[in-house]
>>> print(open('entry-v3.txt').read())   # compact mmCIF, C-alpha atoms and all ligand atoms
# COMPACT_ATOMS: atom_id res chain seq x y z
CA MET A 1 0.00 0.00 0.00
CA VAL A 2 2.81 2.39 1.02
CA LEU A 3 4.73 1.35 -2.10
CA SER A 4 1.82 1.99 -4.45
CA LEU A 5 1.17 5.42 -2.90
CA TYR A 6 4.88 6.22 -3.42
CA SER A 7 4.64 5.05 -7.06
CA LEU A 8 1.59 7.20 -7.64
CA LEU A 9 3.30 10.27 -6.18
CA THR A 10 6.41 9.66 -8.31
CA LEU A 11 4.27 9.29 -11.41
CA ALA A 12 2.45 12.54 -10.61
CA THR A 13 5.74 14.42 -10.11
CA VAL A 14 7.22 13.08 -13.36
CA SER A 15 4.11 13.89 -15.40
CA ARG A 16 3.91 17.36 -13.85
CA SER A 17 7.53 18.02 -14.75
CA ILE A 18 6.86 16.77 -18.33
CA PHE A 19 3.89 19.12 -18.49
CA TYR A 20 5.94 22.15 -17.34
CA LYS A 21 8.84 21.17 -19.62
CA SER A 22 6.60 20.98 -22.68
CA LEU A 23 4.94 24.25 -21.68
CA PHE A 24 8.40 25.82 -21.45
CA VAL A 25 9.45 24.38 -24.85
CA TYR A 26 6.19 25.65 -26.37
CA ALA A 27 6.76 29.13 -24.92
CA VAL A 28 10.36 29.22 -26.22
CA LEU A 29 9.28 28.05 -29.70
CA TYR A 30 6.45 30.59 -29.72
CA PHE A 31 8.72 33.51 -28.92
CA VAL A 32 11.44 32.29 -31.30
CA MET A 33 8.86 32.43 -34.10
CA PHE A 34 8.10 36.02 -33.13
CA HIS A 35 11.06 38.30 -33.32
CA VAL A 36 11.77 42.02 -33.46
CA LYS A 37 13.88 43.68 -36.16
CA VAL A 38 14.83 47.23 -36.95
CA MET A 39 12.56 48.77 -39.61
CA SER A 40 13.98 49.17 -43.11
CA ALA A 41 12.74 51.22 -46.06
CA ARG A 42 10.96 48.19 -47.55
CA ASP A 43 8.77 47.98 -44.41
CA TYR A 44 7.30 51.48 -44.86
CA GLY A 45 4.30 50.32 -46.91
CA PHE A 46 3.33 47.76 -44.27
CA ALA A 47 3.89 50.26 -41.43
CA VAL A 48 1.77 53.00 -43.05
CA ASP A 49 -1.08 50.61 -43.91
CA LEU A 50 -1.14 49.09 -40.42
CA ALA A 51 -0.93 52.45 -38.61
CA ASN A 52 -3.71 53.91 -40.71
CA THR A 53 -6.12 51.11 -39.80
CA MET A 54 -6.31 53.24 -36.61
CA ASP A 55 -6.71 56.56 -38.55
CA TRP A 56 -3.34 57.80 -37.35
CA ASN A 57 -2.73 59.71 -40.60
CA MET A 58 0.78 58.31 -40.94
CA THR A 59 2.79 58.69 -44.13
CA VAL A 60 6.01 57.17 -45.43
CA ALA A 61 7.65 60.51 -44.58
CA ASP A 62 6.72 60.04 -40.90
CA PHE A 63 8.52 56.71 -40.70
CA GLU A 64 11.43 58.07 -42.72
CA PHE A 65 11.72 60.93 -40.24
CA ASN A 66 11.61 58.63 -37.20
CA ARG A 67 14.32 56.46 -38.74
CA LEU A 68 16.45 59.49 -39.50
CA LEU A 69 16.11 60.51 -35.87
CA GLU A 70 16.78 57.10 -34.37
CA SER A 71 17.33 54.36 -36.92
CA ASP A 72 17.49 51.53 -34.36
CA GLY A 73 14.37 52.78 -32.58
CA CYS A 74 11.89 51.99 -35.38
CA LEU A 75 10.82 48.44 -34.70
CA MET A 76 9.09 45.70 -36.66
CA LEU A 77 7.64 42.54 -35.17
CA PHE A 78 7.72 39.42 -37.36
CA ASP A 79 6.05 36.02 -37.24
CA GLY A 80 8.80 34.16 -39.13
CA SER A 81 9.07 36.31 -42.24
CA ILE A 82 5.57 37.84 -41.93
CA PRO A 83 5.44 41.40 -40.54
CA VAL A 84 2.80 41.60 -37.81
CA GLY A 85 3.46 44.74 -35.75
CA ILE A 86 5.33 48.02 -35.38
CA ALA A 87 6.50 50.40 -32.66
CA SER A 88 8.83 53.37 -32.46
CA CYS A 89 11.14 54.67 -29.75
CA VAL A 90 13.23 57.80 -29.50
CA SER A 91 15.78 58.63 -26.82
CA PHE A 92 16.64 62.12 -25.59
CA GLY A 93 19.27 61.35 -22.96
CA GLU A 94 17.42 60.36 -19.80
CA ILE A 95 13.95 60.68 -21.33
CA GLY A 96 12.68 58.38 -24.06
CA TRP A 97 9.37 58.13 -25.85
CA PHE A 98 7.44 55.12 -27.12
CA GLY A 99 4.75 55.25 -29.82
CA ASN A 100 3.23 53.98 -33.06
CA PHE A 101 2.49 50.73 -31.24
CA ILE A 102 0.22 48.43 -33.19
CA VAL A 103 -0.17 44.72 -33.89
CA LYS A 104 -2.19 43.22 -36.77
CA PRO A 105 -5.71 42.45 -35.47
CA GLU A 106 -5.47 38.68 -36.03
CA TYR A 107 -2.33 38.50 -33.86
CA ARG A 108 -3.67 40.53 -30.92
CA GLY A 109 -4.25 39.08 -27.46
CA ARG A 110 -1.48 36.43 -27.79
CA GLY A 111 1.28 38.28 -25.94
CA VAL A 112 3.22 39.46 -28.98
CA GLY A 113 2.46 43.14 -28.31
CA SER A 114 3.98 42.68 -24.85
CA LEU A 115 7.06 41.16 -26.48
CA LEU A 116 7.47 44.27 -28.65
CA LEU A 117 6.82 46.66 -25.75
CA GLU A 118 9.40 44.92 -23.54
CA TYR A 119 11.92 44.94 -26.39
CA ALA A 120 11.35 48.70 -26.85
CA VAL A 121 11.77 49.47 -23.14
CA ASN A 122 15.00 47.44 -23.02
CA TYR A 123 16.25 49.22 -26.13
CA LEU A 124 15.56 52.63 -24.53
CA ARG A 125 17.26 51.56 -21.30
CA SER A 126 20.33 50.53 -23.34
CA LYS A 127 20.42 54.13 -24.62
CA GLY A 128 20.58 55.49 -21.05
CA VAL A 129 16.89 56.36 -20.80
CA GLN A 130 15.57 56.44 -17.24
CA THR A 131 12.05 57.66 -17.90
CA VAL A 132 9.94 56.30 -20.76
CA GLY A 133 6.88 58.32 -21.72
CA LEU A 134 3.92 57.44 -23.90
CA TYR A 135 0.45 58.67 -24.80
CA ALA A 136 -2.10 55.90 -24.36
CA TYR A 137 -5.71 55.37 -25.25
CA PRO A 138 -7.38 55.56 -21.81
CA TYR A 139 -8.68 51.98 -22.12
CA LEU A 140 -5.07 50.75 -22.37
CA GLU A 141 -3.93 52.35 -19.09
CA LYS A 142 -4.44 49.06 -17.27
CA TYR A 143 -2.43 47.21 -19.91
CA TYR A 144 0.54 49.60 -19.71
CA SER A 145 0.36 49.63 -15.91
CA LYS A 146 1.23 45.90 -15.96
CA PHE A 147 4.65 47.00 -17.27
CA GLY A 148 5.07 49.65 -14.56
CA PHE A 149 3.80 52.69 -16.50
CA LYS A 150 1.90 55.17 -14.34
CA THR A 151 -0.49 57.87 -15.42
CA VAL A 152 0.68 61.32 -14.39
CA ASP A 153 -1.64 62.29 -11.60
CA ASN A 154 -1.22 65.20 -9.29
CA ALA A 155 -3.06 68.39 -8.41
CA ALA A 156 -1.54 70.35 -11.28
CA ASP A 157 -1.92 67.74 -13.99
CA ASN A 158 -4.50 65.01 -14.32
CA GLY A 159 -2.49 63.25 -16.99
CA ALA A 160 -4.78 63.86 -19.93
CA LEU A 161 -3.50 65.07 -23.25
CA ILE A 162 -6.18 66.79 -25.31
CA VAL A 163 -6.07 66.54 -29.08
CA MET A 164 -7.61 69.64 -30.72
CA ASN A 165 -8.22 70.44 -34.34
CA ASN A 166 -9.38 73.25 -36.59
CA SER A 167 -10.06 73.02 -40.30
CA ASN A 168 -9.87 76.73 -41.00
CA VAL A 169 -8.02 78.85 -38.48
CA GLN A 170 -8.94 82.52 -38.74
CA VAL A 171 -6.97 84.99 -36.66
CA ASN A 172 -7.16 88.72 -36.23
CA PRO A 173 -4.08 90.70 -37.13
CA CYS A 174 -1.43 90.34 -34.45
CA SER A 175 -1.58 92.72 -31.53
CA GLY A 176 2.06 93.80 -31.69
CA SER A 177 3.40 94.24 -28.16
CA SER A 178 6.19 96.57 -27.08
CA LEU A 179 7.17 94.03 -24.39
CA PHE A 180 8.32 91.32 -26.73
CA LYS A 181 9.01 90.72 -30.42
CA VAL A 182 8.17 87.69 -32.57
CA GLU A 183 10.35 86.71 -35.51
CA GLN A 184 10.69 83.78 -37.84
CA PHE A 185 13.59 81.52 -36.86
CA SER A 186 16.45 81.87 -39.31
CA ALA A 187 20.03 80.70 -39.67
CA GLN A 188 21.18 83.91 -37.93
CA PHE A 189 19.79 82.68 -34.61
CA ASP A 190 21.97 80.69 -32.28
CA PHE A 191 20.38 77.23 -32.32
CA SER A 192 21.98 76.28 -28.99
CA VAL A 193 19.95 79.03 -27.25
CA LEU A 194 16.71 77.52 -28.56
CA ALA A 195 17.84 73.99 -27.65
CA SER A 196 18.79 74.85 -24.07
CA PHE A 197 15.59 76.88 -23.58
CA ASP A 198 13.58 73.84 -24.76
CA SER A 199 15.55 71.45 -22.58
CA ALA A 200 14.82 73.49 -19.43
CA PHE A 201 11.08 72.86 -19.96
CA PHE A 202 11.08 69.39 -21.52
CA GLY A 203 13.61 67.98 -19.04
CA ALA A 204 16.05 66.59 -21.63
CA ASP A 205 18.03 67.69 -24.64
CA ARG A 206 15.91 67.44 -27.81
CA SER A 207 18.53 69.08 -30.07
CA LYS A 208 18.57 66.22 -32.59
CA LEU A 209 14.80 66.45 -33.03
CA LEU A 210 14.60 70.25 -33.18
CA LYS A 211 17.55 70.49 -35.57
CA SER A 212 15.98 67.97 -37.95
CA LEU A 213 12.62 69.75 -37.84
CA LEU A 214 14.21 73.12 -38.55
CA GLN A 215 16.04 71.73 -41.58
CA GLU A 216 12.77 70.91 -43.37
CA PRO A 217 11.79 73.97 -45.46
CA SER A 218 8.03 73.35 -45.19
CA ASN A 219 8.16 73.48 -41.38
CA LEU A 220 7.69 76.87 -39.73
CA CYS A 221 9.31 78.16 -36.57
CA TYR A 222 8.81 81.46 -34.75
CA VAL A 223 10.71 82.71 -31.73
CA SER A 224 9.91 85.47 -29.27
CA PHE A 225 12.32 87.61 -27.30
CA VAL A 226 11.89 89.85 -24.28
CA GLY A 227 14.87 92.16 -24.65
CA GLU A 228 17.70 89.77 -25.54
CA GLU A 229 16.13 86.81 -23.71
CA LEU A 230 14.30 84.04 -25.50
CA ALA A 231 10.78 83.84 -24.04
CA GLY A 232 9.23 81.19 -26.27
CA TYR A 233 9.12 79.41 -29.60
CA VAL A 234 6.63 77.50 -31.71
CA LEU A 235 7.11 74.99 -34.51
CA SER A 236 4.75 73.52 -37.08
CA LYS A 237 5.17 70.53 -39.38
CA ASP A 238 3.51 70.52 -42.76
CA PRO A 239 3.75 67.23 -44.63
CA GLY A 240 1.16 68.48 -47.15
CA GLY A 241 -2.19 67.47 -45.63
CA LEU A 242 -2.77 67.96 -41.94
CA VAL A 243 -0.50 70.55 -40.29
CA GLU A 244 0.77 69.53 -36.85
CA VAL A 245 1.49 72.49 -34.56
CA GLY A 246 4.03 71.74 -31.82
CA SER A 247 6.14 71.90 -30.00
CA LEU A 248 5.36 75.21 -28.38
CA VAL A 249 7.37 76.15 -25.32
CA CYS A 250 6.90 79.43 -23.49
CA ARG A 251 7.74 81.03 -20.18
CA PRO A 252 4.92 80.28 -17.70
CA ASP A 253 4.57 83.94 -16.69
CA MET A 254 4.06 85.16 -20.27
CA PRO A 255 0.93 83.63 -21.84
CA ASP A 256 0.73 86.65 -24.19
CA VAL A 257 3.98 85.50 -25.79
CA ALA A 258 2.43 82.08 -26.49
CA PHE A 259 -0.74 83.67 -27.92
CA GLU A 260 1.25 85.99 -30.19
CA LEU A 261 3.50 83.17 -31.42
CA LEU A 262 0.41 81.14 -32.30
CA ARG A 263 -1.38 84.08 -33.94
CA VAL A 264 1.65 84.77 -36.16
CA LEU A 265 1.93 81.09 -37.06
CA PHE A 266 -1.80 80.66 -37.74
CA GLN A 267 -1.73 83.61 -40.14
CA ARG A 268 0.47 81.39 -42.31
CA LEU A 269 -1.94 78.46 -41.99
CA VAL A 270 -5.28 79.97 -43.03
CA ASN A 271 -7.61 77.41 -44.65
CA ARG A 272 -5.40 74.57 -43.50
CA GLN A 273 -6.39 71.69 -41.28
CA VAL A 274 -4.43 72.00 -38.05
CA VAL A 275 -4.00 69.54 -35.20
CA LEU A 276 -2.27 70.14 -31.86
CA TYR A 277 -1.86 68.40 -28.52
CA LEU A 278 -2.05 70.08 -25.15
CA SER A 279 -2.04 68.76 -21.66
CA SER A 280 -5.20 69.33 -19.65
CA ASN A 281 -3.39 71.60 -17.16
CA GLN A 282 -2.87 74.18 -19.93
CA VAL A 283 -6.21 75.86 -19.18
CA VAL A 284 -5.26 79.37 -20.32
CA LEU A 285 -3.94 78.08 -23.62
CA GLU A 286 -6.98 75.84 -24.04
CA ALA A 287 -9.36 78.81 -23.58
CA PHE A 288 -7.38 80.78 -26.18
CA LEU A 289 -7.55 77.93 -28.69
CA LEU A 290 -11.29 77.34 -28.13
CA GLU A 291 -11.87 81.02 -28.81
CA LEU A 292 -9.99 80.65 -32.11
CA GLY A 293 -12.40 77.90 -33.14
CA PHE A 294 -10.39 74.82 -32.17
CA MET A 295 -12.42 71.82 -31.12
CA LYS A 296 -11.51 69.03 -28.73
CA SER A 297 -11.27 65.86 -30.69
CA PHE A 298 -10.26 63.25 -28.08
CA SER A 299 -8.10 62.71 -25.00
CA LEU A 300 -5.16 60.44 -24.33
CA SER A 301 -3.48 59.41 -21.07
CA ARG A 302 0.08 60.53 -20.44
CA MET A 303 2.01 57.73 -18.80
CA PHE A 304 5.57 57.33 -17.55
CA LEU A 305 7.73 54.38 -16.65
CA GLY A 306 10.21 55.77 -14.13
CA GLU A 307 10.10 59.20 -12.61
CA SER A 308 7.29 61.36 -14.04
CA LYS A 309 8.51 64.22 -16.16
CA ILE A 310 5.96 66.96 -16.23
CA GLN A 311 6.70 69.87 -18.49
CA THR A 312 6.57 73.25 -16.86
CA GLY A 313 5.67 76.44 -18.70
CA ILE A 314 3.17 76.92 -21.48
CA CYS A 315 3.57 73.96 -23.80
CA LEU A 316 2.18 72.01 -26.70
CA ALA A 317 3.49 68.50 -27.27
CA GLU A 318 5.70 68.01 -30.32
CA SER A 319 3.92 64.84 -31.48
CA LEU A 320 2.22 61.77 -30.09
CA GLU A 321 5.13 59.45 -30.83
CA ARG A 322 7.96 61.70 -29.64
CA GLY A 323 6.47 63.47 -26.63
C1 LIG B 1 -2.27 47.53 -27.96
C2 LIG B 1 -1.79 46.37 -28.82
C3 LIG B 1 -0.57 46.82 -29.63
C4 LIG B 1 -1.40 45.20 -27.91
O1 LIG B 1 -0.91 44.14 -28.72
P1 LIG B 1 -1.29 42.62 -28.37
O2 LIG B 1 -0.43 41.73 -29.18
O3 LIG B 1 -2.74 42.43 -28.47
O4 LIG B 1 -0.82 42.62 -26.85
P2 LIG B 1 -0.79 41.42 -25.80
O5 LIG B 1 -1.38 40.19 -26.39
O6 LIG B 1 0.58 41.37 -25.27
O7 LIG B 1 -1.73 41.98 -24.67
C5 LIG B 1 -3.12 42.10 -24.94
C6 LIG B 1 -3.70 42.98 -23.88
O8 LIG B 1 -3.88 44.31 -24.37
C7 LIG B 1 -4.96 44.91 -23.67
N1 LIG B 1 -5.92 45.40 -24.68
C8 LIG B 1 -5.79 45.37 -26.02
N2 LIG B 1 -6.83 45.96 -26.60
C9 LIG B 1 -7.63 46.37 -25.62
C10 LIG B 1 -8.85 47.06 -25.57
N3 LIG B 1 -9.49 47.44 -26.70
N4 LIG B 1 -9.40 47.33 -24.38
C11 LIG B 1 -8.78 46.97 -23.24
N5 LIG B 1 -7.61 46.33 -23.21
C12 LIG B 1 -7.04 46.02 -24.38
C13 LIG B 1 -5.55 43.84 -22.80
O9 LIG B 1 -4.97 43.94 -21.52
C14 LIG B 1 -5.08 42.58 -23.47
O10 LIG B 1 -5.00 41.49 -22.63
P3 LIG B 1 -6.08 40.32 -22.81
O11 LIG B 1 -5.95 39.85 -24.22
O12 LIG B 1 -5.65 39.36 -21.79
O13 LIG B 1 -7.40 40.97 -22.51
C15 LIG B 1 -2.91 45.87 -29.79
O14 LIG B 1 -4.06 45.62 -29.04
C16 LIG B 1 -3.23 46.86 -30.89
O15 LIG B 1 -2.60 46.85 -31.95
N6 LIG B 1 -4.23 47.71 -30.66
C17 LIG B 1 -4.60 48.72 -31.65
C18 LIG B 1 -3.59 49.86 -31.70
C19 LIG B 1 -3.44 50.53 -30.36
O16 LIG B 1 -4.40 50.78 -29.65
N7 LIG B 1 -2.19 50.86 -30.00
C20 LIG B 1 -1.85 51.44 -28.72
C21 LIG B 1 -1.85 52.91 -28.81
S1 LIG B 1 -1.69 53.61 -27.18
>>> encode(input="entry-v3.txt", output="structure tokens", more="lines below")
Ligand SMILES: CC(C)(COP(=O)(O)OP(=O)(O)OC[C@H]1O[C@@H](n2cnc3c(N)ncnc32)[C@H](O)[C@@H]1OP(=O)(O)O)[C@@H](O)C(=O)NCCC(=O)NCCS
Amino acid sequence: MVLSLYSLLTLATVSRSIFYKSLFVYAVLYFVMFHVKVMSARDYGFAVDLANTMDWNMTVADFEFNRLLESDGCLMLFDGSIPVGIASCVSFGEIGWFGNFIVKPEYRGRGVGSLLLEYAVNYLRSKGVQTVGLYAYPYLEKYYSKFGFKTVDNAADNGALIVMNNSNVQVNPCSGSSLFKVEQFSAQFDFSVLASFDSAFFGADRSKLLKSLLQEPSNLCYVSFVGEELAGYVLSKDPGGLVEVGSLVCRPDMPDVAFELLRVLFQRLVNRQVVLYLSSNQVVLEAFLLELGFMKSFSLSRMFLGESKIQTGICLAESLERG
């Protein structure tokens, strides 16, 4: 009797270990089939088509730009040789941003998105990033929180990023203040002044991004000075269809500078469709934009893995995939 009980227990242990071993082998095989590669030019078509199933208005130029900025940060997920997902990462020293995260519908819910997300976070960490930011659909907050991302949440900022648009911005002639002047950015300006001003508000050096944006002739940039001091700047990107306004960075005590920068910029964008992204704590800026005819389109949740980095000052985000 004792012997047979012993035999039964042994059998149970062996079969359990076979079960766990085969589960392990299955898991290894599964994740060997799925692998992440750096995006190449021949993947653009797939990336654009997949991203636009979510109406993200992505173009080949967007992926080209992200690759130019950080070639190893544009990621493709493959099932064998079949492309099934994309994501992009960009590192600015200690702060990195994650975006353009999408998996083909038939592959969702099988853990492969998590594989890509973990790969991206590890990649950013290898670049020295300590805080990873992202803008999430609110229903995915719980998903990202499983990886340690937290929604920014304090008295000054409830973590929401509002997306606003306007299909025909009409602005009155600019007020013209004696306190500050607004000028178009040109090669005569010292770029390092703009970069360090931006870095003080963003929390990291975005020189590589700002420099690349300023090199594109269809992008516009205006700067404002109080005396000799830079008080704010605004940038817009114009790939031909929708114009994206941002980033805007301005001294917190000078909302009039931000309004004037935007008025000057919008005078160049009459009859154009404009989209911009502002955090919900930017109430003064929001009121100004609503008065100009901007409409709230939807909200996203701002999440960080690592120490939260909340921008100070009057700001518009640069983009959804780069922060
Ligand atoms: C988000 C996304 C990339 C995840 O890829 P995935 O391969 O499905 O990810 P995983 O299998 O690792 O994890 C799936 C988990 O995502 C979460 N999730 C995905 N879609 C969701 C939704 N509509 N509502 C709530 N949770 C959702 C769930 O937690 C889900 O777990 P479950 O299947 O156990 O319920 C994929 O759902 C996708 O492409 N969605 C459309 C694009 C998108 O929303 N991108 C994110 C922008 S912030």
>>> closest_atom_pairs(input="entry-v3.txt", of="chain A", to="ligand LIG 1 (chain B)", cutoff="9 Å", atoms="all atoms listed in the file", output="Markdown table")
| residue | atom | partner | partner_atom | distance |
| --- | --- | --- | --- | --- |
| A:Leu50 | CA | B:LIG1 | O15 | 8.9 |
| A:Ala51 | CA | B:LIG1 | C18 | 7.8 |
| A:Thr53 | CA | B:LIG1 | C18 | 8.6 |
| A:Met54 | CA | B:LIG1 | C18 | 6.6 |
| A:Gly85 | CA | B:LIG1 | O15 | 7.5 |
| A:Ile86 | CA | B:LIG1 | C3 | 8.3 |
| A:Ala87 | CA | B:LIG1 | C3 | 8.5 |
| A:Gly99 | CA | B:LIG1 | C21 | 7.1 |
| A:Asn100 | CA | B:LIG1 | C21 | 6.7 |
| A:Phe101 | CA | B:LIG1 | N7 | 4.8 |
| A:Ile102 | CA | B:LIG1 | O15 | 3.5 |
| A:Val103 | CA | B:LIG1 | O15 | 3.8 |
| A:Lys104 | CA | B:LIG1 | O15 | 6.0 |
| A:Pro105 | CA | B:LIG1 | O15 | 6.4 |
| A:Glu106 | CA | B:LIG1 | O3 | 8.9 |
| A:Tyr107 | CA | B:LIG1 | O2 | 6.0 |
| A:Arg108 | CA | B:LIG1 | O3 | 3.2 |
| A:Gly109 | CA | B:LIG1 | O5 | 3.3 |
| A:Arg110 | CA | B:LIG1 | O5 | 4.0 |
| A:Gly111 | CA | B:LIG1 | O6 | 3.2 |
| A:Val112 | CA | B:LIG1 | O2 | 4.3 |
| A:Gly113 | CA | B:LIG1 | O2 | 3.3 |
| A:Ser114 | CA | B:LIG1 | O6 | 3.7 |
| A:Leu115 | CA | B:LIG1 | O6 | 6.6 |
| A:Leu116 | CA | B:LIG1 | O6 | 8.2 |
| A:Leu117 | CA | B:LIG1 | O6 | 8.2 |
| A:Leu134 | CA | B:LIG1 | S1 | 7.5 |
| A:Tyr135 | CA | B:LIG1 | S1 | 6.0 |
| A:Ala136 | CA | B:LIG1 | S1 | 3.7 |
| A:Tyr137 | CA | B:LIG1 | S1 | 4.8 |
| A:Pro138 | CA | B:LIG1 | S1 | 8.1 |
| A:Tyr139 | CA | B:LIG1 | C11 | 5.1 |
| A:Leu140 | CA | B:LIG1 | N5 | 5.2 |
| A:Glu141 | CA | B:LIG1 | N5 | 8.2 |
| A:Lys142 | CA | B:LIG1 | O9 | 6.7 |
| A:Tyr143 | CA | B:LIG1 | O9 | 4.4 |
| A:Tyr144 | CA | B:LIG1 | O9 | 8.1 |
| A:Lys146 | CA | B:LIG1 | O9 | 8.6 |
| A:Leu300 | CA | B:LIG1 | S1 | 8.2 |
| A:Ser301 | CA | B:LIG1 | S1 | 8.6 |
>>> closest_residue(input="entry-v3.txt", among="A:Lys127, A:Lys296, A:Lys237, A:Lys208", to="Leu269 (chain A)", atoms="all atoms listed in the file")
A:Lys237
>>> atom_distance(input="entry-v3.txt", atom1="CA of Leu69 (chain A)", atom2="CA of Lys150 (chain A)")
26.3 Å
>>> residues_around(input="entry-v3.txt", residues="region 318-321 of chain A", least_positions_apart="5", cutoff="10 Å", atoms="all atoms listed in the file", output="VMD selection string")
chain A and resid 56 66 87 to 90 97 to 101 133 to 136 161 163 209 to 210 234 to 237 244 to 249 275 to 278 300 302
>>> write_last_selection(input="entry-v3.txt", atoms="C-alpha atoms", output="PDB file, in the frame of the given file")
ATOM      1  CA  TRP A  56      -3.340  57.800 -37.350  1.00  0.00           C
ATOM      2  CA  ASN A  66      11.610  58.630 -37.200  1.00  0.00           C
ATOM      3  CA  ALA A  87       6.500  50.400 -32.660  1.00  0.00           C
ATOM      4  CA  SER A  88       8.830  53.370 -32.460  1.00  0.00           C
ATOM      5  CA  CYS A  89      11.140  54.670 -29.750  1.00  0.00           C
ATOM      6  CA  VAL A  90      13.230  57.800 -29.500  1.00  0.00           C
ATOM      7  CA  TRP A  97       9.370  58.130 -25.850  1.00  0.00           C
ATOM      8  CA  PHE A  98       7.440  55.120 -27.120  1.00  0.00           C
ATOM      9  CA  GLY A  99       4.750  55.250 -29.820  1.00  0.00           C
ATOM     10  CA  ASN A 100       3.230  53.980 -33.060  1.00  0.00           C
ATOM     11  CA  PHE A 101       2.490  50.730 -31.240  1.00  0.00           C
ATOM     12  CA  GLY A 133       6.880  58.320 -21.720  1.00  0.00           C
ATOM     13  CA  LEU A 134       3.920  57.440 -23.900  1.00  0.00           C
ATOM     14  CA  TYR A 135       0.450  58.670 -24.800  1.00  0.00           C
ATOM     15  CA  ALA A 136      -2.100  55.900 -24.360  1.00  0.00           C
ATOM     16  CA  LEU A 161      -3.500  65.070 -23.250  1.00  0.00           C
ATOM     17  CA  VAL A 163      -6.070  66.540 -29.080  1.00  0.00           C
ATOM     18  CA  LEU A 209      14.800  66.450 -33.030  1.00  0.00           C
ATOM     19  CA  LEU A 210      14.600  70.250 -33.180  1.00  0.00           C
ATOM     20  CA  VAL A 234       6.630  77.500 -31.710  1.00  0.00           C
ATOM     21  CA  LEU A 235       7.110  74.990 -34.510  1.00  0.00           C
ATOM     22  CA  SER A 236       4.750  73.520 -37.080  1.00  0.00           C
ATOM     23  CA  LYS A 237       5.170  70.530 -39.380  1.00  0.00           C
ATOM     24  CA  GLU A 244       0.770  69.530 -36.850  1.00  0.00           C
ATOM     25  CA  VAL A 245       1.490  72.490 -34.560  1.00  0.00           C
ATOM     26  CA  GLY A 246       4.030  71.740 -31.820  1.00  0.00           C
ATOM     27  CA  SER A 247       6.140  71.900 -30.000  1.00  0.00           C
ATOM     28  CA  LEU A 248       5.360  75.210 -28.380  1.00  0.00           C
ATOM     29  CA  VAL A 249       7.370  76.150 -25.320  1.00  0.00           C
ATOM     30  CA  VAL A 275      -4.000  69.540 -35.200  1.00  0.00           C
ATOM     31  CA  LEU A 276      -2.270  70.140 -31.860  1.00  0.00           C
ATOM     32  CA  TYR A 277      -1.860  68.400 -28.520  1.00  0.00           C
ATOM     33  CA  LEU A 278      -2.050  70.080 -25.150  1.00  0.00           C
ATOM     34  CA  LEU A 300      -5.160  60.440 -24.330  1.00  0.00           C
ATOM     35  CA  ARG A 302       0.080  60.530 -20.440  1.00  0.00           C
TER      36      ARG A 302
END
>>> closest_residue(input="entry-v3.txt", among="A:Leu213, A:Ile95, A:Leu242, A:Val121", to="Asn168 (chain A)", atoms="all atoms listed in the file")
A:Leu242
>>> closest_residue(input="entry-v3.txt", among="A:Asn219, A:Leu316, A:Val257, A:Ala41", to="Gly240 (chain A)", atoms="only C-alpha atoms")
A:Asn219
>>> atom_distance(input="entry-v3.txt", atom1="CA of Gly313 (chain A)", atom2="CA of Gln282 (chain A)")
8.9 Å
